[in-house]
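S.K.: Sharing a structure, written as structure tokens. Questions coming.
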Amino acid sequence: MVYTLSGIRFPVVPSLYKSSSQSSFNGDRRSTSLTLLLKKDTFSRKIFAGNYSHDSDSSSSMVAASDKLLVPGGQGDGSTSLTDQLETPQITSEDPQEPLSVGNLTVEDDNKLKEKENYDATSSYTEVEDGLDSVPSFPVGVSDEAQGEAATVSAKGNVEEEKDIIRPKFVPAPGTGKRIYKIDPFLRDHRDHLDYRYGEYKRLRAEIDKYEGGLEVFSRGYEKFGFTRSDSGITYREWAPGATSAALIGDFNNWNPNADIMTRNEFGVWEIFLPNNADGSPPIPHGSRVKIRMNTPSGIKDSIPAWIKFSVQAPGEIPYDGIYYDPPEEGKYVFKHPQPKRPKSLRIYEAHVGMSSPEPIINTYANFRDDVLPRIKRLGYNAVQIMAIQEHSYYASFGYHVTNFFAPSSRCGNPDDLKSLIDKAHELGLLVLMDIVHSHSSNNTLDGLNMFDGADGQYFHSGSRGYHWMWDSRLFNYGSWEVLRFLLSNARWWLEEYKFDGFRFDGVTSMMYTHHGLQVAFTGNYNEYFGFATDVDAVVYLMLVNDVIHGLFPEAVSIGEDGFDYRLHMAIADKWIELLKKKDEEWKMGDIIQTLTNRRWSEKCVAYAESHDQALVGDKTIAFWLMDKDMYDFMALERPSTPLIDRGIALHKMIRLITMGLGGEGYLNFMGNEFGHPEWIDFPRGDQHLPNGKVVPGNNSSFDKCRRRFDLGDADYLRYRGMQEFDQAMQHLEETYSFMTSDHQYISRKDEGDRIIVFERGNLVFVFNFHWTNSYSDYRVGCLKQGKYKIVLDSDDPLFEGFNRLDHTAEYFTFDGWYDNRPSSFLLYAPCRTAVVYALVGNEVKPVKG
């Protein structure tokens, strides 16, 4: 069993529904110093940044070092172990007689690994031999045996052909869970904890196999629960163990609680079968309102079915109504386009359908499909991540207070409208990722899961453990069998029914720890991550849901704060805000580099300079931090610019490019930020009356700040246009050169005196001059490959509202001889506050404009 004391879990002896998991944490590519970045509240979703130890040489006037040095050794106490001169990680083992095999590479006791040895510093989890159940750098709980087998189940043919293809659906068995100790020997100090977690996970997998026929069957709960249609009628099932009686009510039976009484089995599952009408029509018409009425310990309660597929809010009413959604065959949307394959690098456009119109309205799925998706494609992104899909009764929660987990938000249209949107995105070659919320739930009792059957602890932990005081929401009990069925089936439902291509999991840190990351400063010490504060049940759930996602949908993508295919590199946005509060004369080049590269060597990350978090009311976008109120008066080309506008536009471009260039293998941008959206996001709000009598003023329920002014970025008479053109050019540069996923990454210069940063990714050389006044002629930069280089992206280009100080026809020839620890170098002109990218001349050199 698992003993509990003051909200802390003591994983001592296994219990029936408690299981174990992989560790998910953030780390430093160059050491075992860890950083865990946490969400702060439901509305602003602020981030607590872990403490970073800066480079010891950051105060020197010039540092030449490789920040591809990702040594997963360190001291195990948060200190940094760094070898500056290596281009690839030097990995050590506690046992010198046992070489470490990573992918196809065996790392002996070498002092230096050459790039031609085909070592992949960002190798995926599919290349590793054993189950990586405790590795923060890899998907939670996904063994590589499982991944290898799952990869053989691939989609074939077009959508019409697939109708006649029956592909096997299975979730491969767990791995051994031991290889992590070879990858990071310092984790052996926490072996009891990690082995316990993984043992719990394997035991739960075995129980699911025994009692449910495996995860593949277990994750199809929507085929048994809620409303299911057969040739002879409709069956409705609901798990409500706290109810003493139950009846299905709705428009179809005039809301008569005595008409359709349900029966209960020994597991607390209520059921009723309604035969077809005499004419063969379904007993519940499509579009009918439905609810379940229950006698509960707290009285009679009408609830929306937990597995409802659609719910709507009637005009003038506050609670939502469940809708029986089952259109006739001729009315159902049929997908026409195959899902795209997962791209090598993700370029994600984070979007919110409701606020995606330039007009002060709630936009629709159809308008987003027709107006916004082509824009995303044109800008060069290859994935759209959609927020606020799951139904939420409070619009201003940004979709994070979910009430109906299987229902898409009715504000924007019906389920078939959403399917049409996704199908159109697939036609354009865009992945569609869903911002899924399994970390908590709305505390609404009328239209959510809270007190569903009258009991406080049905879906959630009872008492204080089941309540998130900062988010004002309920917390799931991941140790409950039926909660696991509900959430695993929910994840599969969105992939199966709507053909989403993956998820960004919200609030992972809150799930993984009983303290939810609140008021906790993670310093990087391993003891902070592997201890009694771990919610073992939640971590096991994350392992199971990744099993379902990757086992059944091998092309699907999972993203989260920790673990998964990609980790959100959340520290970067915080770092930029920290720096923007200072004069750029105070910025440290080593500080910027350290934050951008602070990740474990085998960990794929999605980097971003700002997401929706930084755009919310009470905060500022990067553009507004830089230019403030001048954006309202001096962004028109017909008016002279100001020093503040010139500085802001220049740094806005530089911040985004260096984030994309060094921050990870994926990149994310929240819609509108690509052109420096001048307004924050403020959802329509009425006055809020607090229990103490105070009144928090609303905004008269205005939609004025709950929209995106795409017209500003498109206007050729405004300076926003140049910022948008640069963002588009960045995306096309990555599409052309694939620098984010290149094996080769080397930082040759971070010069605190000159304020110059130089690094290589692939065949590109990036040169950033952050100096506010100094431009440098005949400035020498090191490079790996000899030959001729040309400019392929220049932030000073007039197209991007730059000052046109560089000749794009110029050719740059290399010199032999070591410089900045590089075997070659070339001379260039580096104007102040510019970012310029040079490519080795060859067939692949294609100047990127926009």
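Residue numbering restarts at 1 for every chain of the structure tokens, chains are lettered A, B, ... in their displayed order, and ligands are numbered from 1 as they appear.
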May I have the residues within 8 Å of segment 305-307 of chain A as a list in words, using only C-alpha atoms and disregarding those fewer than 4 positions away in the same chain?

M.R.: Tyr222, Phe225, Gly226, Phe227, Glu238, Val290, Lys291, Ile292, Gly322, Asn404, Phe405, Phe406, Gly448 and Leu449 of chain A

S.K.: Would you save the residues of that selection, restricted to N, CA and C atoms, as a PDB file, in the first residue's frame?

M.R.:
ATOM      1  N   TYR A 222     -14.839   4.477 -24.608  1.00  0.00           N
ATOM      2  CA  TYR A 222     -15.953   5.185 -25.250  1.00  0.00           C
ATOM      3  C   TYR A 222     -16.829   4.255 -26.081  1.00  0.00           C
ATOM      4  N   PHE A 225     -18.873   3.000 -22.586  1.00  0.00           N
ATOM      5  CA  PHE A 225     -19.486   3.997 -21.711  1.00  0.00           C
ATOM      6  C   PHE A 225     -20.081   5.138 -22.535  1.00  0.00           C
ATOM      7  N   GLY A 226     -20.948   5.900 -21.874  1.00  0.00           N
ATOM      8  CA  GLY A 226     -21.661   6.930 -22.595  1.00  0.00           C
ATOM      9  C   GLY A 226     -22.709   6.298 -23.493  1.00  0.00           C
ATOM     10  N   PHE A 227     -23.001   6.947 -24.601  1.00  0.00           N
ATOM     11  CA  PHE A 227     -24.014   6.453 -25.532  1.00  0.00           C
ATOM     12  C   PHE A 227     -23.342   5.671 -26.657  1.00  0.00           C
ATOM     13  N   GLU A 238     -22.940   4.463 -17.463  1.00  0.00           N
ATOM     14  CA  GLU A 238     -22.262   5.501 -16.700  1.00  0.00           C
ATOM     15  C   GLU A 238     -21.743   4.917 -15.397  1.00  0.00           C
ATOM     16  N   VAL A 290     -29.768  15.747 -23.216  1.00  0.00           N
ATOM     17  CA  VAL A 290     -29.853  14.585 -22.334  1.00  0.00           C
ATOM     18  C   VAL A 290     -29.090  14.857 -21.036  1.00  0.00           C
ATOM     19  N   LYS A 291     -29.547  14.216 -19.953  1.00  0.00           N
ATOM     20  CA  LYS A 291     -28.840  14.251 -18.675  1.00  0.00           C
ATOM     21  C   LYS A 291     -29.141  12.958 -17.939  1.00  0.00           C
ATOM     22  N   ILE A 292     -28.372  12.718 -16.899  1.00  0.00           N
ATOM     23  CA  ILE A 292     -28.634  11.585 -16.018  1.00  0.00           C
ATOM     24  C   ILE A 292     -29.051  12.147 -14.668  1.00  0.00           C
ATOM     25  N   GLY A 322     -26.023  18.477 -22.022  1.00  0.00           N
ATOM     26  CA  GLY A 322     -25.438  17.434 -22.840  1.00  0.00           C
ATOM     27  C   GLY A 322     -26.271  17.216 -24.089  1.00  0.00           C
ATOM     28  N   ASN A 404     -16.320  19.028 -20.046  1.00  0.00           N
ATOM     29  CA  ASN A 404     -16.714  17.837 -20.809  1.00  0.00           C
ATOM     30  C   ASN A 404     -15.539  17.387 -21.666  1.00  0.00           C
ATOM     31  N   PHE A 405     -14.880  16.324 -21.225  1.00  0.00           N
ATOM     32  CA  PHE A 405     -13.579  15.946 -21.769  1.00  0.00           C
ATOM     33  C   PHE A 405     -13.650  15.359 -23.180  1.00  0.00           C
ATOM     34  N   PHE A 406     -14.772  14.782 -23.562  1.00  0.00           N
ATOM     35  CA  PHE A 406     -14.889  14.169 -24.881  1.00  0.00           C
ATOM     36  C   PHE A 406     -15.583  15.089 -25.893  1.00  0.00           C
ATOM     37  N   GLY A 448     -19.871  19.711 -15.023  1.00  0.00           N
ATOM     38  CA  GLY A 448     -18.565  19.074 -15.062  1.00  0.00           C
ATOM     39  C   GLY A 448     -18.564  17.753 -14.320  1.00  0.00           C
ATOM     40  N   LEU A 449     -17.377  17.244 -14.029  1.00  0.00           N
ATOM     41  CA  LEU A 449     -17.235  15.967 -13.331  1.00  0.00           C
ATOM     42  C   LEU A 449     -17.282  16.104 -11.814  1.00  0.00           C
TER      43      LEU A 449
END

S.K.: Would you return as a PyMOL selection string the members of segment 149-385 of chain A that DSSP assigns to strand (DSSP E) on this structure's backbone?

M.R.: chain A and resi 226-229+233-239+245-250+263-264+269-275+288-296+299-303+311-313+320-324+346-352+383-385

S.K.: Residues of segment 524-562 of chain A that approach segment 171-186 of chain A to 12 Å or less, counting only C-alpha atoms: could you list each one with the shortest pair of atoms and its distance in Å to one decimal, rows by chain and increasing residue number, as CSV?

M.R.:
residue,atom,partner,partner_atom,distance
A:Asn525,CA,A:Phe186,CA,11.2
A:Tyr526,CA,A:Phe186,CA,8.9
A:Asn527,CA,A:Phe186,CA,11.3
A:Met543,CA,A:Pro174,CA,10.0
A:Leu544,CA,A:Val171,CA,9.8
A:Val545,CA,A:Val171,CA,10.6
A:Asn546,CA,A:Val171,CA,10.0
A:Asp547,CA,A:Val171,CA,6.4
A:Val548,CA,A:Val171,CA,6.3
A:Ile549,CA,A:Val171,CA,8.9
A:His550,CA,A:Val171,CA,8.0
A:Gly551,CA,A:Val171,CA,4.5
A:Leu552,CA,A:Val171,CA,6.2
A:Phe553,CA,A:Val171,CA,9.6
A:Pro554,CA,A:Val171,CA,10.3

S.K.: Env of Asn443 of chain A: 6 Å cut, atoms = only C-alpha atoms, seq-sep filter 6 positions within chain, self excluded. Answer as a list in words.

M.R.: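 So, after excluding close chain neighbours, the residues are Asn450, Ser473 and Arg474 of chain A.
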
S.K.: Within 8 Å of segment 558-574 of chain A, which residues of segment 448-539 of chain A show up? Give each one with its shortest atom-to-atom distance in Å (one decimal) and the two atoms involved, counting only C-alpha atoms, rows by chain then rising residue number, as a tab-separated table.

M.R.:
residue	atom	partner	partner_atom	distance
A:Gly502	CA	A:Ser558	CA	5.6
A:Phe503	CA	A:Ser558	CA	5.0
A:Arg504	CA	A:Ile559	CA	4.5
A:Phe505	CA	A:Gly560	CA	5.0
A:Asp506	CA	A:Gly560	CA	6.7
A:Gly507	CA	A:Glu561	CA	7.5
A:Val508	CA	A:Glu561	CA	6.0
A:Thr509	CA	A:Glu561	CA	6.9

S.K.: Separation of atom CA of Leu428 of chain A and atom CA of Asn382 of chain A, in Å?

M.R.: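 Atom CA of Asn382 of chain A lies 9.0 Å from atom CA of Leu428 of chain A.
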
S.K.: Nearest to Met730 of chain A among A:Met627, A:Ala835, A:Met451, A:Leu487, with distances taken over only C-alpha atoms: which residue is it?

M.R.: A:Ala835

S.K.: With the cut-off set at 6 Å and counting only C-alpha atoms, tabulate each residue of segment 201-246 of chain A with an atom at most that distance from an atom of segment 265-275 of chain A, showing the nearest atom pair and its distance in Å to one decimal, ordered by chain and increasing number, as JSON lines.

M.R.:
{"residue": "A:Ser232", "atom": "CA", "partner": "A:Pro275", "partner_atom": "CA", "distance": 5.8}
{"residue": "A:Gly233", "atom": "CA", "partner": "A:Pro275", "partner_atom": "CA", "distance": 4.2}
{"residue": "A:Ile234", "atom": "CA", "partner": "A:Leu274", "partner_atom": "CA", "distance": 5.2}
{"residue": "A:Thr235", "atom": "CA", "partner": "A:Phe273", "partner_atom": "CA", "distance": 4.4}
{"residue": "A:Tyr236", "atom": "CA", "partner": "A:Ile272", "partner_atom": "CA", "distance": 5.4}
{"residue": "A:Arg237", "atom": "CA", "partner": "A:Glu271", "partner_atom": "CA", "distance": 4.4}
{"residue": "A:Glu238", "atom": "CA", "partner": "A:Trp270", "partner_atom": "CA", "distance": 5.2}
{"residue": "A:Trp239", "atom": "CA", "partner": "A:Val269", "partner_atom": "CA", "distance": 4.3}
{"residue": "A:Ala240", "atom": "CA", "partner": "A:Gly268", "partner_atom": "CA", "distance": 5.6}
{"residue": "A:Pro241", "atom": "CA", "partner": "A:Gly268", "partner_atom": "CA", "distance": 4.0}

S.K.: Go ahead and save the picked residues with N, CA, C and O atoms, as a compact mmCIF listing (two decimals), in the first residue's frame.

M.R.:
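As written to disk, selection25.txt reads:
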# COMPACT_ATOMS: atom_id res chain seq x y z
N SER A 232 -30.02 -2.19 -33.23
CA SER A 232 -31.31 -2.37 -32.56
C SER A 232 -31.67 -1.24 -31.60
O SER A 232 -32.80 -1.18 -31.12
N GLY A 233 -30.72 -0.35 -31.29
CA GLY A 233 -31.05 0.74 -30.37
C GLY A 233 -29.83 1.41 -29.80
O GLY A 233 -28.73 1.35 -30.36
N ILE A 234 -30.03 2.05 -28.66
CA ILE A 234 -28.97 2.83 -28.01
C ILE A 234 -28.77 2.32 -26.59
O ILE A 234 -29.74 2.13 -25.84
N THR A 235 -27.52 2.08 -26.22
CA THR A 235 -27.17 1.71 -24.85
C THR A 235 -26.46 2.89 -24.21
O THR A 235 -25.61 3.54 -24.83
N TYR A 236 -26.84 3.16 -22.97
CA TYR A 236 -26.17 4.22 -22.21
C TYR A 236 -25.63 3.63 -20.92
O TYR A 236 -26.36 2.99 -20.16
N ARG A 237 -24.32 3.83 -20.67
CA ARG A 237 -23.68 3.35 -19.44
C ARG A 237 -22.94 4.50 -18.77
O ARG A 237 -22.36 5.35 -19.44
N GLU A 238 -22.94 4.46 -17.46
CA GLU A 238 -22.26 5.50 -16.70
C GLU A 238 -21.74 4.92 -15.40
O GLU A 238 -22.45 4.16 -14.71
N TRP A 239 -20.49 5.25 -15.07
CA TRP A 239 -19.92 4.84 -13.79
C TRP A 239 -20.26 5.90 -12.75
O TRP A 239 -19.82 7.05 -12.84
N ALA A 240 -21.09 5.52 -11.79
CA ALA A 240 -21.52 6.45 -10.74
C ALA A 240 -21.74 5.66 -9.46
O ALA A 240 -22.89 5.46 -9.02
N PRO A 241 -20.68 5.20 -8.84
CA PRO A 241 -20.82 4.30 -7.68
C PRO A 241 -21.49 4.96 -6.48
O PRO A 241 -22.02 4.26 -5.62

S.K.: Mind giving me the straight-line distance from atom CA of Asp628 of chain A to atom CA of Gln385 of chain A in Å, one decimal?

M.R.: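 Here the two named atoms are 28.1 Å from each other.
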
S.K.: Give me the residues of segment 720-751 of chain A that have any atom at most 12 Å from an atom of segment 598-621 of chain A; for each, the nearest atom pair and the distance in Å, rounded to one decimal. Use only C-alpha atoms, sort by chain and number, and format it as CSV.

M.R.:
residue,atom,partner,partner_atom,distance
A:Met740,CA,A:Val606,CA,10.2
A:Thr741,CA,A:Lys604,CA,9.3
A:Asp743,CA,A:Trp601,CA,11.4
A:Gln745,CA,A:Trp601,CA,11.6

S.K.: Fewer than 2 positions away in the same chain doesn't count, so skip those; otherwise give me all residues within 12 Å of Ser439 of chain A, counting only C-alpha atoms, as a PyMOL selection string.

M.R.: chain A and resi 39+42+400-402+405+435-437+441-442+460+466-468+471+473-478+487+504-513+516+538-539+541-542+560-561

S.K.: Keeping N, CA, C and O atoms, export the residues of the selection given above as a short mmCIF file (atom, residue, chain, number, x, y, z; two decimals), in the first residue's frame.

M.R.:
data_model
loop_
_atom_site.label_atom_id
_atom_site.label_comp_id
_atom_site.auth_asym_id
_atom_site.auth_seq_id
_atom_site.Cartn_x
_atom_site.Cartn_y
_atom_site.Cartn_z
N LYS A 39 4.20 25.65 -13.90
CA LYS A 39 3.07 26.53 -14.11
C LYS A 39 2.63 27.13 -12.79
O LYS A 39 2.67 26.47 -11.76
N THR A 42 -3.93 29.22 -13.26
CA THR A 42 -4.72 28.78 -14.38
C THR A 42 -4.88 29.83 -15.45
O THR A 42 -5.04 29.52 -16.61
N TYR A 400 -8.67 25.77 -19.86
CA TYR A 400 -8.00 24.93 -18.87
C TYR A 400 -8.93 24.42 -17.78
O TYR A 400 -8.54 23.58 -16.99
N HIS A 401 -10.16 24.92 -17.69
CA HIS A 401 -11.13 24.38 -16.74
C HIS A 401 -12.13 23.53 -17.52
O HIS A 401 -13.25 23.95 -17.80
N VAL A 402 -11.72 22.33 -17.86
CA VAL A 402 -12.52 21.46 -18.72
C VAL A 402 -13.72 20.93 -17.95
O VAL A 402 -13.60 20.48 -16.81
N PHE A 405 -14.88 16.32 -21.23
CA PHE A 405 -13.58 15.95 -21.77
C PHE A 405 -13.65 15.36 -23.18
O PHE A 405 -12.67 15.43 -23.92
N ASP A 435 -4.02 20.81 -27.43
CA ASP A 435 -3.61 21.17 -26.08
C ASP A 435 -4.55 20.45 -25.13
O ASP A 435 -5.67 20.90 -24.89
N ILE A 436 -4.14 19.28 -24.63
CA ILE A 436 -5.02 18.43 -23.86
C ILE A 436 -4.81 18.66 -22.37
O ILE A 436 -3.68 18.84 -21.91
N VAL A 437 -5.91 18.68 -21.62
CA VAL A 437 -5.86 18.96 -20.19
C VAL A 437 -6.29 17.70 -19.44
O VAL A 437 -7.48 17.39 -19.37
N SER A 441 -9.43 19.51 -13.53
CA SER A 441 -10.76 19.62 -14.12
C SER A 441 -11.51 20.77 -13.47
O SER A 441 -11.23 21.14 -12.33
N SER A 442 -12.47 21.30 -14.18
CA SER A 442 -13.33 22.34 -13.62
C SER A 442 -14.00 21.84 -12.34
O SER A 442 -14.35 20.67 -12.22
N PHE A 460 -11.91 12.33 -8.45
CA PHE A 460 -10.83 13.14 -7.88
C PHE A 460 -10.46 12.65 -6.48
O PHE A 460 -11.22 11.91 -5.85
N GLY A 466 -7.49 16.78 -3.38
CA GLY A 466 -8.20 16.81 -4.65
C GLY A 466 -8.54 18.19 -5.15
O GLY A 466 -9.30 18.34 -6.11
N TYR A 467 -7.95 19.22 -4.50
CA TYR A 467 -8.28 20.60 -4.88
C TYR A 467 -7.00 21.39 -5.09
O TYR A 467 -6.11 21.40 -4.24
N HIS A 468 -6.89 22.05 -6.24
CA HIS A 468 -5.73 22.90 -6.54
C HIS A 468 -6.10 24.33 -6.15
O HIS A 468 -6.87 25.00 -6.85
N TRP A 471 -5.31 27.10 -8.85
CA TRP A 471 -6.07 27.03 -10.10
C TRP A 471 -7.57 26.94 -9.87
O TRP A 471 -8.34 27.00 -10.82
N SER A 473 -9.44 24.34 -9.05
CA SER A 473 -9.91 23.22 -9.86
C SER A 473 -9.71 21.91 -9.11
O SER A 473 -9.04 21.86 -8.09
N ARG A 474 -10.29 20.84 -9.63
CA ARG A 474 -10.21 19.53 -9.01
C ARG A 474 -9.07 18.72 -9.62
O ARG A 474 -8.75 18.84 -10.81
N LEU A 475 -8.49 17.83 -8.79
CA LEU A 475 -7.33 17.05 -9.19
C LEU A 475 -7.69 15.57 -9.24
O LEU A 475 -8.22 15.00 -8.28
N PHE A 476 -7.37 14.94 -10.36
CA PHE A 476 -7.74 13.55 -10.59
C PHE A 476 -7.03 12.60 -9.64
O PHE A 476 -5.88 12.82 -9.24
N ASN A 477 -7.71 11.51 -9.33
CA ASN A 477 -7.10 10.40 -8.61
C ASN A 477 -6.62 9.39 -9.64
O ASN A 477 -7.38 8.54 -10.11
N TYR A 478 -5.35 9.47 -10.00
CA TYR A 478 -4.80 8.61 -11.06
C TYR A 478 -4.61 7.17 -10.59
O TYR A 478 -4.25 6.32 -11.40
N LEU A 487 -9.43 8.62 -18.72
CA LEU A 487 -8.41 9.51 -19.30
C LEU A 487 -7.68 8.86 -20.47
O LEU A 487 -7.40 9.52 -21.48
N ARG A 504 -0.15 18.35 -26.79
CA ARG A 504 0.67 19.05 -25.81
C ARG A 504 -0.06 18.88 -24.48
O ARG A 504 -1.18 19.34 -24.30
N PHE A 505 0.58 18.18 -23.55
CA PHE A 505 -0.04 17.92 -22.25
C PHE A 505 0.18 19.12 -21.34
O PHE A 505 1.30 19.56 -21.12
N ASP A 506 -0.91 19.60 -20.80
CA ASP A 506 -0.85 20.76 -19.91
C ASP A 506 -0.65 20.32 -18.46
O ASP A 506 -1.16 19.29 -18.03
N GLY A 507 0.08 21.13 -17.70
CA GLY A 507 0.16 20.97 -16.26
C GLY A 507 0.85 19.71 -15.79
O GLY A 507 0.49 19.17 -14.74
N VAL A 508 1.85 19.23 -16.52
CA VAL A 508 2.49 17.97 -16.17
C VAL A 508 3.17 18.05 -14.80
O VAL A 508 3.11 17.11 -14.01
N THR A 509 3.81 19.16 -14.51
CA THR A 509 4.48 19.29 -13.21
C THR A 509 3.48 19.19 -12.08
O THR A 509 3.74 18.57 -11.04
N SER A 510 2.33 19.80 -12.24
CA SER A 510 1.29 19.71 -11.22
C SER A 510 0.87 18.27 -10.99
O SER A 510 0.56 17.88 -9.86
N MET A 511 0.88 17.46 -12.04
CA MET A 511 0.50 16.06 -11.93
C MET A 511 1.56 15.26 -11.18
O MET A 511 1.25 14.41 -10.35
N MET A 512 2.81 15.52 -11.48
CA MET A 512 3.89 14.64 -11.04
C MET A 512 4.24 14.77 -9.57
O MET A 512 4.84 13.87 -8.99
N TYR A 513 3.88 15.89 -8.95
CA TYR A 513 4.29 16.13 -7.57
C TYR A 513 3.08 16.52 -6.72
O TYR A 513 2.21 17.26 -7.17
N HIS A 516 2.64 20.04 -6.46
CA HIS A 516 2.24 20.65 -7.73
C HIS A 516 3.23 21.70 -8.22
O HIS A 516 2.90 22.50 -9.11
N ALA A 538 0.27 9.39 -10.69
CA ALA A 538 0.22 10.32 -11.82
C ALA A 538 1.34 10.02 -12.81
O ALA A 538 1.13 10.05 -14.03
N VAL A 539 2.53 9.73 -12.30
CA VAL A 539 3.64 9.45 -13.20
C VAL A 539 3.38 8.16 -13.98
O VAL A 539 3.69 8.06 -15.16
N TYR A 541 0.43 7.11 -14.78
CA TYR A 541 -0.55 7.45 -15.81
C TYR A 541 0.13 8.06 -17.04
O TYR A 541 -0.22 7.73 -18.19
N LEU A 542 1.11 8.92 -16.82
CA LEU A 542 1.82 9.52 -17.95
C LEU A 542 2.53 8.45 -18.77
O LEU A 542 2.62 8.54 -20.00
N GLY A 560 5.31 17.92 -23.61
CA GLY A 560 4.94 18.30 -22.25
C GLY A 560 6.08 19.03 -21.58
O GLY A 560 7.17 19.19 -22.13
N GLU A 561 5.81 19.48 -20.37
CA GLU A 561 6.84 20.19 -19.62
C GLU A 561 8.03 19.29 -19.34
O GLU A 561 9.16 19.75 -19.26
#

S.K.: Grab the atom CA of Trp772 of chain A to atom CA of Lys583 of chain A distance for me, in Å with one decimal place.

M.R.: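 Here the two named atoms are 10.1 Å from each other.
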
S.K.: Taking only C-alpha atoms into account, name the residue in A:Ser738, A:Asn699, A:Gln724, A:Ser748 that is nearest to Ser824 of chain A.

M.R.: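 Ranking A:Ser738, A:Asn699, A:Gln724, A:Ser748 by distance to Ser824 of chain A, first place goes to A:Ser748.
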
S.K.: Taking only segment 436-638 of chain A into account, list the residues labelled helix (DSSP H, G or I) by DSSP (computed from the backbone), as an MDAnalysis selection string.

M.R.: chainID A and resid 463:466 481:497 508:512 526:528 536:552 571:580 584:586 589:596 612:615 622:627 630:633

S.K.: For Trp576 of chain A, which residue among A:Thr659, A:Asp535, A:Gly413, A:Arg685 is the nearest when counting only C-alpha atoms?

M.R.: A:Thr659

S.K.: So, counting only C-alpha atoms, which residue among A:Tyr746, A:Phe252, A:Tyr632, A:Trp625 is closest to Leu764 of chain A?

M.R.: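 The shortest atom-to-atom distance to Leu764 of chain A comes from A:Tyr746.
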
S.K.: Quick one: residues within 12 Å of Glu638 of chain A, only C-alpha atoms counted, chain neighbours fewer than 5 positions away excluded, as a PyMOL selection string?

M.R.: chain A and resi 633+716-719

S.K.: Go ahead and save the residues from that selection, with C-alpha atoms, as an mmCIF file, in the first residue's frame.

M.R.:
data_model
loop_
_atom_site.group_PDB
_atom_site.id
_atom_site.type_symbol
_atom_site.label_atom_id
_atom_site.label_comp_id
_atom_site.auth_asym_id
_atom_site.auth_seq_id
_atom_site.Cartn_x
_atom_site.Cartn_y
_atom_site.Cartn_z
ATOM 1 C CA ASP A 633 1.931 56.032 -32.686
ATOM 2 C CA ASP A 716 2.164 47.025 -46.187
ATOM 3 C CA TYR A 717 2.036 50.529 -44.687
ATOM 4 C CA LEU A 718 2.873 49.358 -41.160
ATOM 5 C CA ARG A 719 6.175 48.216 -39.673
#

S.K.: Compile the contact shell of segment 245-248 of chain A as a list in words: residues with an atom at most 6 Å away, counting only C-alpha atoms, same-chain residues fewer than 3 positions apart removed.

M.R.: Pro257, Asp260, Ile261, Met262, Ile292, Arg293, Met294 and Asn295 of chain A

S.K.: With distances taken over only C-alpha atoms, which residue among A:Arg378, A:Lys629, A:Ser357, A:Phe500 lies nearest Asp711 of chain A?

M.R.: A:Ser357

S.K.: Mind checking which residues fall within 8 Å of Leu662 of chain A, counting only C-alpha atoms, ignoring those fewer than 5 positions away in the same chain, and posting them as a ChimeraX atom specification?

M.R.: /A:593,596-597,740
